[in-house]
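**Q** Got a file for you: input.cif, mmCIF, C-alpha atoms (C1' of nucleotides).
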data_model
#
loop_
_atom_site.label_atom_id
_atom_site.label_comp_id
_atom_site.auth_asym_id
_atom_site.auth_seq_id
_atom_site.Cartn_x
_atom_site.Cartn_y
_atom_site.Cartn_z
CA MET A 1 38.41 -83.89 65.58
CA SER A 2 35.59 -82.36 63.53
CA SER A 3 33.89 -84.55 60.97
CA GLU A 4 35.40 -82.24 58.32
CA GLU A 5 38.90 -82.89 59.64
CA ALA A 6 38.16 -86.60 59.99
CA LEU A 7 37.49 -86.86 56.26
CA LYS A 8 40.91 -85.61 55.18
CA LEU A 9 43.11 -88.21 53.56
CA GLU A 10 46.03 -87.11 55.69
CA ASN A 11 44.13 -87.96 58.88
CA GLN A 12 43.19 -91.50 57.86
CA THR A 13 44.97 -94.06 60.01
CA CYS A 14 43.50 -96.68 57.70
CA PHE A 15 45.19 -95.12 54.69
CA ALA A 16 48.52 -94.81 56.52
CA VAL A 17 48.50 -98.52 57.38
CA TYR A 18 47.29 -99.50 53.90
CA ALA A 19 50.01 -97.44 52.20
CA CYS A 20 52.73 -98.83 54.49
CA ALA A 21 51.64 -102.40 53.90
CA LYS A 22 51.98 -101.92 50.14
CA GLU A 23 55.33 -100.17 50.49
CA ILE A 24 56.68 -102.97 52.68
CA THR A 25 55.51 -105.61 50.22
CA ARG A 26 57.29 -103.71 47.45
CA LEU A 27 60.47 -103.76 49.55
CA TYR A 28 60.38 -107.54 49.88
CA GLN A 29 59.72 -108.17 46.22
CA PRO A 30 63.24 -108.04 44.74
CA VAL A 31 64.64 -110.14 47.60
CA LEU A 32 61.89 -112.75 47.31
CA LYS A 33 62.26 -112.91 43.56
CA GLU A 34 65.56 -114.73 44.15
CA LEU A 35 63.57 -117.44 45.94
CA GLY A 36 60.90 -117.50 43.25
CA LEU A 37 58.23 -116.42 45.74
CA THR A 38 55.72 -113.61 45.89
CA TYR A 39 55.11 -111.90 49.21
CA THR A 40 51.97 -113.87 50.05
CA GLN A 41 53.65 -117.10 49.04
CA TYR A 42 56.52 -116.17 51.37
CA ILE A 43 54.32 -115.69 54.42
CA ALA A 44 52.58 -118.98 53.61
CA MET A 45 55.97 -120.70 53.54
CA LEU A 46 56.95 -119.01 56.83
CA ALA A 47 53.87 -120.53 58.43
CA LEU A 48 54.58 -123.95 56.95
CA TRP A 49 58.23 -123.93 58.00
CA GLU A 50 56.99 -123.52 61.56
CA ARG A 51 54.29 -126.13 61.33
CA ASP A 52 53.89 -128.67 58.58
CA ALA A 53 51.09 -131.06 57.60
CA VAL A 54 48.33 -128.57 58.38
CA SER A 55 44.92 -128.15 56.81
CA VAL A 56 44.00 -125.24 54.58
CA LYS A 57 41.67 -124.06 57.32
CA GLU A 58 44.41 -123.93 59.96
CA LEU A 59 46.83 -122.24 57.58
CA GLY A 60 44.13 -119.73 56.68
CA GLU A 61 43.49 -118.89 60.32
CA ARG A 62 47.15 -118.18 60.91
CA LEU A 63 47.48 -116.04 57.77
CA PHE A 64 44.01 -114.43 57.90
CA LEU A 65 43.31 -115.75 54.41
CA ASP A 66 40.42 -117.85 53.13
CA SER A 67 40.29 -120.79 50.75
CA GLY A 68 39.50 -118.50 47.85
CA THR A 69 42.96 -117.02 48.20
CA LEU A 70 44.80 -120.06 49.49
CA THR A 71 43.58 -122.70 47.05
CA PRO A 72 45.16 -121.12 43.94
CA LEU A 73 48.23 -119.99 45.89
CA LEU A 74 48.89 -123.49 47.25
CA LYS A 75 48.37 -125.00 43.81
CA LYS A 76 51.13 -122.71 42.51
CA LEU A 77 53.49 -123.75 45.30
CA GLU A 78 52.62 -127.38 44.59
CA ALA A 79 53.40 -126.83 40.89
CA GLN A 80 56.78 -125.44 41.97
CA GLY A 81 57.41 -128.64 43.89
CA LEU A 82 57.56 -126.97 47.30
CA LEU A 83 54.63 -128.81 48.84
CA THR A 84 52.04 -131.53 48.31
CA ARG A 85 48.27 -131.26 48.69
CA GLY A 86 46.48 -134.42 49.81
CA ARG A 87 43.26 -135.25 51.56
CA ASP A 88 43.43 -136.26 55.21
CA ALA A 89 42.74 -140.00 55.44
CA GLY A 90 40.91 -139.51 58.74
CA ASP A 91 38.70 -136.69 57.44
CA GLU A 92 38.44 -136.48 53.67
CA ARG A 93 37.05 -132.95 53.86
CA GLN A 94 40.42 -131.65 54.96
CA LEU A 95 43.34 -131.07 52.65
CA LEU A 96 46.72 -131.54 54.29
CA ILE A 97 49.58 -129.37 53.13
CA ARG A 98 52.98 -131.01 53.49
CA LEU A 99 56.32 -129.53 52.55
CA THR A 100 58.51 -131.51 50.17
CA ALA A 101 62.27 -131.82 50.64
CA ASP A 102 62.63 -128.89 48.23
CA GLY A 103 60.15 -126.89 50.27
CA ARG A 104 62.10 -127.49 53.46
CA ALA A 105 65.40 -126.80 51.70
CA LEU A 106 64.19 -123.39 50.55
CA ARG A 107 64.17 -122.35 54.19
CA GLU A 108 67.98 -122.18 54.17
CA LYS A 109 67.91 -119.52 51.48
CA ALA A 110 65.06 -117.73 53.22
CA LEU A 111 67.10 -117.32 56.40
CA GLU A 112 68.84 -114.38 54.70
CA VAL A 113 65.65 -112.60 53.70
CA PRO A 114 64.84 -110.68 56.91
CA GLU A 115 68.38 -109.31 57.20
CA LYS A 116 68.52 -108.32 53.53
CA VAL A 117 65.19 -106.52 53.62
CA PHE A 118 66.04 -104.81 56.89
CA CYS A 119 69.34 -103.49 55.51
CA GLN A 120 67.59 -102.09 52.45
CA SER A 121 64.84 -100.46 54.45
CA GLY A 122 66.63 -97.62 56.21
CA VAL A 123 64.52 -98.29 59.31
CA ASN A 124 65.96 -98.83 62.76
CA VAL A 125 65.22 -101.81 64.97
CA GLU A 126 63.47 -99.78 67.66
CA MET A 127 60.93 -98.43 65.19
CA LEU A 128 60.29 -101.92 63.84
CA MET A 129 59.72 -103.38 67.30
CA LYS A 130 57.42 -100.54 68.30
CA ILE A 131 55.39 -100.91 65.11
CA ARG A 132 55.06 -104.65 65.47
CA SER A 133 53.86 -104.37 69.04
CA GLN A 134 51.36 -101.67 68.10
CA MET A 135 50.02 -103.61 65.14
CA GLY A 136 49.60 -106.50 67.56
CA GLU A 137 47.57 -104.31 69.92
CA LEU A 138 45.46 -103.02 67.06
CA MET A 139 44.83 -106.53 65.77
CA THR A 140 43.80 -107.64 69.26
CA ALA A 141 41.38 -104.71 69.48
CA LEU A 142 39.91 -105.45 66.04
CA GLN A 143 39.64 -109.22 66.24
CA PRO A 144 36.51 -109.27 68.45
CA VAL A 145 34.81 -107.04 65.88
CA ALA A 146 35.88 -109.34 63.07
CA ALA A 147 34.65 -112.39 64.98
CA ALA A 148 31.28 -110.75 65.67
CA ASP A 149 30.99 -109.88 61.98
CA LYS A 150 31.60 -113.49 61.05
CA ARG A 151 28.85 -114.56 63.40
CA GLY A 152 26.64 -112.07 61.59
CA GLU A 153 26.01 -109.64 64.46
CA MET B 1 67.63 -111.48 66.81
CA SER B 2 69.01 -114.70 65.30
CA SER B 3 68.19 -115.44 61.70
CA GLU B 4 66.14 -118.39 62.98
CA GLU B 5 64.06 -116.09 65.18
CA ALA B 6 63.81 -113.54 62.38
CA LEU B 7 62.06 -116.09 60.16
CA LYS B 8 59.16 -116.73 62.54
CA LEU B 9 55.81 -115.47 61.32
CA GLU B 10 55.14 -113.94 64.71
CA ASN B 11 58.22 -111.73 64.42
CA GLN B 12 57.38 -110.30 61.02
CA THR B 13 56.57 -106.61 61.26
CA CYS B 14 55.62 -106.83 57.60
CA PHE B 15 52.98 -109.46 58.32
CA ALA B 16 51.61 -107.49 61.27
CA VAL B 17 51.10 -104.40 59.11
CA TYR B 18 49.72 -106.46 56.20
CA ALA B 19 47.21 -108.25 58.43
CA CYS B 20 46.11 -105.00 60.09
CA ALA B 21 45.60 -103.29 56.75
CA LYS B 22 43.29 -106.09 55.61
CA GLU B 23 41.40 -106.11 58.91
CA ILE B 24 40.87 -102.34 58.76
CA THR B 25 39.60 -102.56 55.20
CA ARG B 26 37.16 -105.23 56.31
CA LEU B 27 35.93 -102.91 59.07
CA TYR B 28 35.15 -100.13 56.58
CA GLN B 29 33.35 -102.38 54.15
CA PRO B 30 29.83 -102.51 55.63
CA VAL B 31 29.85 -98.75 56.29
CA LEU B 32 31.06 -97.94 52.77
CA LYS B 33 28.53 -100.28 51.22
CA GLU B 34 25.85 -97.74 52.17
CA LEU B 35 27.65 -95.23 49.95
CA GLY B 36 28.12 -97.76 47.17
CA LEU B 37 31.91 -97.53 47.45
CA THR B 38 34.71 -100.02 47.96
CA TYR B 39 37.58 -99.10 50.24
CA THR B 40 39.92 -98.05 47.43
CA GLN B 41 37.15 -96.08 45.76
CA TYR B 42 36.57 -94.35 49.09
CA ILE B 43 40.17 -93.19 49.48
CA ALA B 44 40.11 -92.00 45.87
CA MET B 45 37.01 -89.96 46.65
CA LEU B 46 38.65 -88.59 49.82
CA ALA B 47 41.51 -87.31 47.69
CA LEU B 48 39.15 -85.81 45.13
CA TRP B 49 36.99 -84.10 47.74
CA GLU B 50 40.12 -82.31 48.86
CA ARG B 51 41.32 -81.43 45.40
CA ASP B 52 39.30 -81.70 42.22
CA ALA B 53 40.22 -81.53 38.53
CA VAL B 54 43.47 -83.43 38.96
CA SER B 55 45.29 -85.71 36.55
CA VAL B 56 45.49 -89.48 37.02
CA LYS B 57 49.19 -89.05 37.68
CA GLU B 58 48.68 -86.56 40.51
CA LEU B 59 45.91 -88.67 42.05
CA GLY B 60 48.15 -91.72 41.78
CA GLU B 61 50.99 -89.99 43.59
CA ARG B 62 48.74 -89.06 46.46
CA LEU B 63 47.25 -92.54 46.74
CA PHE B 64 50.41 -94.51 45.88
CA LEU B 65 48.55 -96.19 43.02
CA ASP B 66 49.44 -96.42 39.34
CA SER B 67 47.34 -96.09 36.20
CA GLY B 68 46.90 -99.86 36.03
CA THR B 69 44.85 -99.67 39.21
CA LEU B 70 43.33 -96.23 38.77
CA THR B 71 42.12 -96.44 35.18
CA PRO B 72 39.53 -99.19 35.81
CA LEU B 73 38.65 -97.79 39.23
CA LEU B 74 37.97 -94.32 37.84
CA LYS B 75 35.94 -95.78 34.99
CA LYS B 76 33.70 -97.45 37.58
CA LEU B 77 33.24 -94.18 39.49
CA GLU B 78 32.48 -92.46 36.18
CA ALA B 79 29.88 -95.14 35.39
CA GLN B 80 28.31 -94.40 38.80
CA GLY B 81 28.06 -90.75 37.82
CA LEU B 82 30.40 -89.52 40.56
CA LEU B 83 33.03 -88.02 38.26
CA THR B 84 33.93 -87.26 34.67
CA ARG B 85 37.12 -88.21 32.82
CA GLY B 86 38.26 -85.80 30.12
CA ARG B 87 41.53 -84.95 28.44
CA ASP B 88 43.25 -81.72 29.47
CA ALA B 89 42.85 -79.22 26.64
CA GLY B 90 46.32 -77.82 27.36
CA ASP B 91 48.03 -81.22 27.42
CA GLU B 92 46.11 -84.00 25.72
CA ARG B 93 48.25 -86.66 27.41
CA GLN B 94 46.67 -85.86 30.73
CA LEU B 95 43.24 -87.02 31.82
CA LEU B 96 41.50 -84.65 34.18
CA ILE B 97 39.24 -86.12 36.83
CA ARG B 98 36.40 -83.83 37.84
CA LEU B 99 33.71 -84.55 40.39
CA THR B 100 30.09 -84.22 39.28
CA ALA B 101 27.42 -82.65 41.46
CA ASP B 102 26.54 -86.19 42.62
CA GLY B 103 30.18 -86.82 43.43
CA ARG B 104 30.38 -83.70 45.57
CA ALA B 105 27.02 -84.48 47.17
CA LEU B 106 28.22 -87.89 48.29
CA ARG B 107 30.65 -86.13 50.60
CA GLU B 108 27.78 -85.19 52.92
CA LYS B 109 27.01 -88.85 53.51
CA ALA B 110 30.70 -89.68 53.85
CA LEU B 111 31.11 -87.22 56.72
CA GLU B 112 29.60 -89.88 58.98
CA VAL B 113 31.95 -92.65 57.90
CA PRO B 114 34.97 -91.99 60.15
CA GLU B 115 32.82 -91.75 63.26
CA LYS B 116 30.84 -94.88 62.42
CA VAL B 117 33.94 -96.96 61.74
CA PHE B 118 35.66 -95.65 64.83
CA CYS B 119 32.72 -96.58 67.06
CA GLN B 120 32.66 -100.09 65.64
CA SER B 121 36.36 -100.58 66.03
CA GLY B 122 36.81 -100.77 69.77
CA VAL B 123 40.04 -98.82 69.46
CA ASN B 124 40.80 -95.68 71.45
CA VAL B 125 41.84 -92.36 69.96
CA GLU B 126 45.31 -92.38 71.51
CA MET B 127 46.20 -95.68 69.86
CA LEU B 128 44.92 -94.42 66.52
CA MET B 129 46.97 -91.23 66.71
CA LYS B 130 50.10 -93.12 67.74
CA ILE B 131 49.71 -95.59 64.90
CA ARG B 132 49.11 -92.92 62.32
CA SER B 133 52.19 -91.01 63.38
CA GLN B 134 54.29 -94.15 63.36
CA MET B 135 53.06 -95.23 59.95
CA GLY B 136 53.99 -91.74 58.80
CA GLU B 137 57.52 -92.17 60.16
CA LEU B 138 57.83 -95.59 58.54
CA MET B 139 56.60 -94.25 55.21
CA THR B 140 59.11 -91.41 55.42
CA ALA B 141 61.89 -93.90 56.10
CA LEU B 142 60.81 -96.15 53.23
CA GLN B 143 60.10 -93.51 50.59
CA PRO B 144 63.78 -92.83 49.72
CA VAL B 145 64.18 -96.57 49.09
CA ALA B 146 61.08 -96.61 46.91
CA ALA B 147 62.28 -93.57 44.96
CA ALA B 148 65.72 -95.15 44.41
CA ASP B 149 64.04 -98.33 43.20
CA LYS B 150 62.02 -96.34 40.70
CA ARG B 151 65.19 -94.75 39.39
CA GLY B 152 66.54 -98.26 38.96
CA GLU B 153 69.36 -98.11 41.54
"C1'" DT C 1 62.74 -78.14 12.51
"C1'" DC C 2 62.13 -82.53 13.24
"C1'" DA C 3 63.81 -87.01 14.93
"C1'" DA C 4 64.71 -88.84 19.50
"C1'" DA C 5 63.57 -88.83 24.17
"C1'" DT C 6 60.21 -88.21 27.56
"C1'" DT C 7 55.76 -88.26 29.57
"C1'" DA C 8 50.80 -89.71 30.70
"C1'" DA C 9 47.34 -93.13 30.29
"C1'" DA C 10 45.75 -97.34 28.82
"C1'" DT C 11 46.33 -102.16 28.18
"C1'" DT C 12 47.97 -106.87 29.18
"C1'" DG C 13 49.20 -110.39 32.18
"C1'" DT C 14 49.81 -112.32 36.74
"C1'" DA C 15 48.70 -112.59 41.56
"C1'" DT C 16 46.16 -111.56 45.32
"C1'" DA C 17 41.75 -110.84 48.28
"C1'" DC C 18 37.26 -112.01 49.52
"C1'" DA C 19 32.03 -112.57 49.24
"C1'" DA C 20 28.89 -115.84 47.73
"C1'" DT C 21 27.90 -120.20 46.18
"C1'" DA C 22 28.65 -125.14 45.24
"C1'" DT C 23 30.18 -129.70 46.49
"C1'" DA C 24 31.47 -133.41 49.19
"C1'" DA C 25 32.32 -135.41 53.75
"C1'" DT C 26 31.12 -135.64 58.52
"C1'" DT C 27 28.35 -134.88 62.54
"C1'" DT C 28 24.07 -134.16 64.89
"C1'" DA C 29 19.59 -135.12 66.38
"C1'" DA C 30 15.06 -136.50 66.05
"C1'" DT D 1 19.45 -144.63 61.50
"C1'" DT D 2 19.07 -141.38 58.47
"C1'" DA D 3 17.67 -136.76 57.08
"C1'" DA D 4 19.24 -132.19 58.34
"C1'" DA D 5 22.82 -129.34 59.75
"C1'" DT D 6 27.56 -128.42 59.79
"C1'" DT D 7 32.18 -128.32 58.09
"C1'" DA D 8 36.20 -127.99 54.72
"C1'" DT D 9 37.57 -126.92 50.42
"C1'" DA D 10 36.84 -125.43 45.71
"C1'" DT D 11 34.75 -122.41 42.40
"C1'" DT D 12 32.85 -118.12 40.54
"C1'" DG D 13 32.65 -113.33 40.16
"C1'" DT D 14 34.28 -108.75 41.27
"C1'" DA D 15 37.83 -105.59 42.61
"C1'" DT D 16 42.21 -104.43 43.51
"C1'" DA D 17 47.55 -104.14 42.80
"C1'" DC D 18 51.41 -103.67 39.96
"C1'" DA D 19 55.10 -104.88 36.41
"C1'" DA D 20 55.73 -104.52 31.64
"C1'" DT D 21 54.36 -102.91 27.35
"C1'" DT D 22 51.88 -99.94 24.12
"C1'" DT D 23 50.06 -95.68 22.35
"C1'" DA D 24 49.60 -90.96 21.78
"C1'" DA D 25 51.10 -86.32 22.94
"C1'" DT D 26 54.71 -83.23 24.16
"C1'" DT D 27 59.37 -81.71 24.86
"C1'" DT D 28 64.24 -81.69 23.82
"C1'" DG D 29 68.29 -81.16 21.30
"C1'" DA D 30 71.24 -81.56 17.45
#
Represent the structure from my file as structure tokens, please.
**A**
Amino acid sequence: MSSEEALKLENQTCFAVYACAKEITRLYQPVLKELGLTYTQYIAMLALWERDAVSVKELGERLFLDSGTLTPLLKKLEAQGLLTRGRDAGDERQLLIRLTADGRALREKALEVPEKVFCQSGVNVEMLMKIRSQMGELMTALQPVAAADKRGE
Amino acid sequence: MSSEEALKLENQTCFAVYACAKEITRLYQPVLKELGLTYTQYIAMLALWERDAVSVKELGERLFLDSGTLTPLLKKLEAQGLLTRGRDAGDERQLLIRLTADGRALREKALEVPEKVFCQSGVNVEMLMKIRSQMGELMTALQPVAAADKRGE
DNA sequence: TCAAATTAAATTGTATACAATATAATTTAA
DNA sequence: TTAAATTATATTGTATACAATTTAATTTGA
């Protein structure tokens, strides 16, 4: 592709992924509103439903988010009574995030979310699976770059 | 997939796309810094390099962004001297965005951006093309839903 | 024709994101 | 052993995003 062609909006893979991510988030919004969660809060809860009593650091690594994003987000979830934030007795630097009974209970409602969103989406399962696997490949290809960046190379 | 399986973070296509979009943006950042642009400012400039003297509404439709995002972003680009913002004489409701000479000149520097980012990415062309086409398909599938939402259905 | 409806931007308010910095706790190493 | 380095989280500042509302201009329709 010529550098002229490469500069066209239509040819930007980055823009295609960026636009899809926003569109998908928009799709989740009405469904998540019933749970009182935003999209980012939802993925944080998904992570916590799988593993509880984790530090902000560990949660951030799983969600690719840093403390600047997570600290206010977790405070909001704490204010909603879904989790508690308390320092680790063994290492006071770490903050342990623990779900409350309400936080665990919300999972029952959330079980319906994927199905609801899928039905609304007008997308077939094959496309979804293909996309997920390709995003996985892309992420695997990009992660070494991201890691090198973090090390300041 | 069971509803239990469907709730795992690892199985979320939405999260995969969301995480990739952020990672890609991060990849562009150091390259765009040389042009003095953020990622969103860059895609706005890409659109304007292709078609100039457009309204905020038209630009927003191409970028999937609304005036709440574009108004401050365009004011920043105006402050940098890359474009001018002026009401359309024929319809004073509309604001026409026009590139300045500096704005057009920046395109020369930007011609190198796609190549630079690609080289850093460690991704091959085939994967990129496949992803772009699939994101296009997904967007096409989702757009009717988005349009219906806008109409309040 | 002119009030009501529509349209385009701007504004307000809330919620991410993340770089850079600050703070406090822990670990390392001389 | 204790000062220096490292680590985990919080804070600050900037830049998106977008829903909801407001404002001003234009179009529509009785």
**Q** Can you pull out the residues contacting Cys20 in chain A? Cut-off 9 Å, using only C-alpha atoms (C1' of nucleotides), and skip same-chain residues under 6 positions away; I want them as a ChimeraX atom specification.
**A** /B:17-18,21,135-136,138-139,142
**Q** For chain C, which residues have at least one atom within 9 Å of chain A, if we go by all atoms listed in the file? Write them as number ranges by chain, please.
**A** C: 15-18, 24-26
**Q** Just give me the gap between CA of Ala101 in chain A and CA of Gly81 in chain A in Å, one decimal is fine.
**A**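 Interatomic distance, CA of Ala101 in chain A to CA of Gly81 in chain A: 8.9 Å.
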**Q** Residues of chain D were defined as contacting chain B if any atom lay at most 7 Å from it, counting all atoms listed in the file; please report them as a count of residues only.
**A** 3
**Q** As a CSV table (one decimal) with C-alpha atoms, in the coordinates of the input, please: chain A after a least-squares superposition onto chain B using all C-alpha atoms matched in order.
**A**
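Result written to superposed27.csv:
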chain,number,residue,atom,x,y,z
A,1,MET,CA,67.6,-111.5,66.8
A,2,SER,CA,69.0,-114.7,65.3
A,3,SER,CA,68.2,-115.4,61.7
A,4,GLU,CA,66.2,-118.4,63.0
A,5,GLU,CA,64.1,-116.1,65.2
A,6,ALA,CA,63.8,-113.5,62.4
A,7,LEU,CA,62.1,-116.1,60.1
A,8,LYS,CA,59.2,-116.7,62.5
A,9,LEU,CA,55.8,-115.5,61.3
A,10,GLU,CA,55.2,-113.9,64.7
A,11,ASN,CA,58.2,-111.7,64.4
A,12,GLN,CA,57.4,-110.3,61.0
A,13,THR,CA,56.6,-106.6,61.3
A,14,CYS,CA,55.6,-106.8,57.6
A,15,PHE,CA,53.0,-109.4,58.3
A,16,ALA,CA,51.6,-107.5,61.3
A,17,VAL,CA,51.1,-104.4,59.1
A,18,TYR,CA,49.7,-106.4,56.2
A,19,ALA,CA,47.2,-108.2,58.4
A,20,CYS,CA,46.1,-105.0,60.1
A,21,ALA,CA,45.6,-103.3,56.8
A,22,LYS,CA,43.3,-106.1,55.6
A,23,GLU,CA,41.4,-106.1,58.9
A,24,ILE,CA,40.9,-102.3,58.8
A,25,THR,CA,39.6,-102.6,55.2
A,26,ARG,CA,37.2,-105.2,56.3
A,27,LEU,CA,35.9,-102.9,59.1
A,28,TYR,CA,35.1,-100.1,56.6
A,29,GLN,CA,33.3,-102.4,54.2
A,30,PRO,CA,29.8,-102.5,55.6
A,31,VAL,CA,29.8,-98.8,56.3
A,32,LEU,CA,31.1,-98.0,52.8
A,33,LYS,CA,28.5,-100.3,51.2
A,34,GLU,CA,25.9,-97.8,52.2
A,35,LEU,CA,27.7,-95.2,50.0
A,36,GLY,CA,28.1,-97.8,47.2
A,37,LEU,CA,31.9,-97.5,47.4
A,38,THR,CA,34.7,-100.0,48.0
A,39,TYR,CA,37.6,-99.1,50.2
A,40,THR,CA,39.9,-98.0,47.4
A,41,GLN,CA,37.2,-96.1,45.8
A,42,TYR,CA,36.6,-94.3,49.1
A,43,ILE,CA,40.2,-93.2,49.5
A,44,ALA,CA,40.1,-92.0,45.9
A,45,MET,CA,37.0,-89.9,46.7
A,46,LEU,CA,38.6,-88.6,49.8
A,47,ALA,CA,41.5,-87.3,47.7
A,48,LEU,CA,39.2,-85.8,45.1
A,49,TRP,CA,37.0,-84.1,47.7
A,50,GLU,CA,40.1,-82.3,48.9
A,51,ARG,CA,41.3,-81.4,45.4
A,52,ASP,CA,39.3,-81.7,42.2
A,53,ALA,CA,40.2,-81.5,38.5
A,54,VAL,CA,43.5,-83.4,39.0
A,55,SER,CA,45.3,-85.7,36.6
A,56,VAL,CA,45.5,-89.5,37.0
A,57,LYS,CA,49.2,-89.0,37.7
A,58,GLU,CA,48.7,-86.6,40.5
A,59,LEU,CA,45.9,-88.7,42.1
A,60,GLY,CA,48.1,-91.7,41.8
A,61,GLU,CA,51.0,-90.0,43.6
A,62,ARG,CA,48.7,-89.0,46.5
A,63,LEU,CA,47.2,-92.5,46.7
A,64,PHE,CA,50.4,-94.5,45.9
A,65,LEU,CA,48.6,-96.2,43.0
A,66,ASP,CA,49.4,-96.4,39.3
A,67,SER,CA,47.3,-96.1,36.2
A,68,GLY,CA,46.9,-99.8,36.0
A,69,THR,CA,44.9,-99.7,39.2
A,70,LEU,CA,43.4,-96.2,38.8
A,71,THR,CA,42.1,-96.4,35.2
A,72,PRO,CA,39.6,-99.2,35.8
A,73,LEU,CA,38.7,-97.8,39.2
A,74,LEU,CA,38.0,-94.3,37.8
A,75,LYS,CA,36.0,-95.8,35.0
A,76,LYS,CA,33.7,-97.4,37.6
A,77,LEU,CA,33.3,-94.2,39.5
A,78,GLU,CA,32.5,-92.5,36.2
A,79,ALA,CA,29.9,-95.1,35.4
A,80,GLN,CA,28.3,-94.4,38.8
A,81,GLY,CA,28.1,-90.8,37.8
A,82,LEU,CA,30.4,-89.5,40.6
A,83,LEU,CA,33.0,-88.0,38.3
A,84,THR,CA,34.0,-87.3,34.7
A,85,ARG,CA,37.1,-88.2,32.8
A,86,GLY,CA,38.3,-85.8,30.1
A,87,ARG,CA,41.5,-84.9,28.4
A,88,ASP,CA,43.2,-81.7,29.5
A,89,ALA,CA,42.9,-79.2,26.6
A,90,GLY,CA,46.3,-77.8,27.3
A,91,ASP,CA,48.0,-81.2,27.4
A,92,GLU,CA,46.1,-84.0,25.7
A,93,ARG,CA,48.3,-86.6,27.4
A,94,GLN,CA,46.7,-85.8,30.7
A,95,LEU,CA,43.3,-87.0,31.8
A,96,LEU,CA,41.5,-84.6,34.2
A,97,ILE,CA,39.2,-86.1,36.8
A,98,ARG,CA,36.4,-83.8,37.9
A,99,LEU,CA,33.7,-84.5,40.4
A,100,THR,CA,30.1,-84.2,39.3
A,101,ALA,CA,27.4,-82.7,41.5
A,102,ASP,CA,26.6,-86.2,42.6
A,103,GLY,CA,30.2,-86.8,43.4
A,104,ARG,CA,30.4,-83.7,45.6
A,105,ALA,CA,27.0,-84.5,47.2
A,106,LEU,CA,28.2,-87.9,48.3
A,107,ARG,CA,30.7,-86.1,50.6
A,108,GLU,CA,27.8,-85.2,52.9
A,109,LYS,CA,27.0,-88.9,53.5
A,110,ALA,CA,30.7,-89.7,53.8
A,111,LEU,CA,31.1,-87.2,56.7
A,112,GLU,CA,29.6,-89.9,59.0
A,113,VAL,CA,31.9,-92.7,57.9
A,114,PRO,CA,35.0,-92.0,60.1
A,115,GLU,CA,32.8,-91.7,63.3
A,116,LYS,CA,30.8,-94.9,62.4
A,117,VAL,CA,33.9,-97.0,61.7
A,118,PHE,CA,35.7,-95.6,64.8
A,119,CYS,CA,32.7,-96.6,67.1
A,120,GLN,CA,32.6,-100.1,65.6
A,121,SER,CA,36.4,-100.6,66.0
A,122,GLY,CA,36.8,-100.8,69.8
A,123,VAL,CA,40.0,-98.8,69.5
A,124,ASN,CA,40.8,-95.7,71.5
A,125,VAL,CA,41.8,-92.4,70.0
A,126,GLU,CA,45.3,-92.4,71.5
A,127,MET,CA,46.2,-95.7,69.9
A,128,LEU,CA,44.9,-94.4,66.5
A,129,MET,CA,47.0,-91.2,66.7
A,130,LYS,CA,50.1,-93.1,67.8
A,131,ILE,CA,49.7,-95.6,64.9
A,132,ARG,CA,49.1,-92.9,62.3
A,133,SER,CA,52.2,-91.0,63.4
A,134,GLN,CA,54.3,-94.2,63.4
A,135,MET,CA,53.0,-95.2,60.0
A,136,GLY,CA,54.0,-91.7,58.8
A,137,GLU,CA,57.5,-92.2,60.2
A,138,LEU,CA,57.8,-95.6,58.5
A,139,MET,CA,56.6,-94.2,55.2
A,140,THR,CA,59.1,-91.4,55.4
A,141,ALA,CA,61.9,-93.9,56.1
A,142,LEU,CA,60.8,-96.1,53.2
A,143,GLN,CA,60.1,-93.5,50.6
A,144,PRO,CA,63.7,-92.9,49.7
A,145,VAL,CA,64.1,-96.6,49.1
A,146,ALA,CA,61.1,-96.7,46.9
A,147,ALA,CA,62.3,-93.6,44.9
A,148,ALA,CA,65.7,-95.2,44.4
A,149,ASP,CA,64.0,-98.4,43.2
A,150,LYS,CA,62.0,-96.4,40.7
A,151,ARG,CA,65.2,-94.8,39.4
A,152,GLY,CA,66.5,-98.4,39.0
A,153,GLU,CA,69.3,-98.2,41.5
**Q** For this structure, which residues satisfy the selection - the PyMOL selection byres ((chain B) within 9 of (chain A)) - when it is evaluated on the file as given? I want them as a ChimeraX atom specification.
**A** /B:3-4,6-9,11-27,43,46-47,49-50,63-64,107,110-115,120-123,127-139,141-146
**Q** Measure the distance from CA of Gly36 in chain B to C1' of DC18 in chain D in Å and round it to one decimal.
**A**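 C1' of DC18 in chain D lies at a distance of 25.1 Å from CA of Gly36 in chain B.
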**Q** When the PyMOL selection byres ((chain C and resi 30) around 10) is applied to the file above, which residues end up in the set, as a list in words?
**A**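 Checking the PyMOL selection byres ((chain C and resi 30) around 10) against this file, the residues are DT28 and DA29 of chain C; DT2, DA3 and DA4 of chain D.
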**Q** Show me, as a PyMOL selection string, the residues that have an atom within 7 Å of Gly86 in chain B when counting all atoms listed in the file, minus same-chain residues fewer than 4 positions from it.
**A** chain B and resi 95-97
**Q** Excluding DA20 in chain C and residues on its chain fewer than 3 positions from it, collect all residues at most 12 Å away from it, counting all atoms listed in the file, and give them as a list in words.
**A**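 Close residues of DA20 in chain C: Gly68 of chain A; DT11, DT12, DG13 and DT14 of chain D.
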**Q** Would you save the residues from that selection as a short mmCIF file (atom, residue, chain, number, x, y, z; two decimals), keeping the file's coordinate frame, using C-alpha atoms (C1' of nucleotides)?
**A**
data_model
loop_
_atom_site.label_atom_id
_atom_site.label_comp_id
_atom_site.auth_asym_id
_atom_site.auth_seq_id
_atom_site.Cartn_x
_atom_site.Cartn_y
_atom_site.Cartn_z
CA GLY A 68 39.50 -118.50 47.85
"C1'" DT D 11 34.75 -122.41 42.40
"C1'" DT D 12 32.85 -118.12 40.54
"C1'" DG D 13 32.65 -113.33 40.16
"C1'" DT D 14 34.28 -108.75 41.27
#
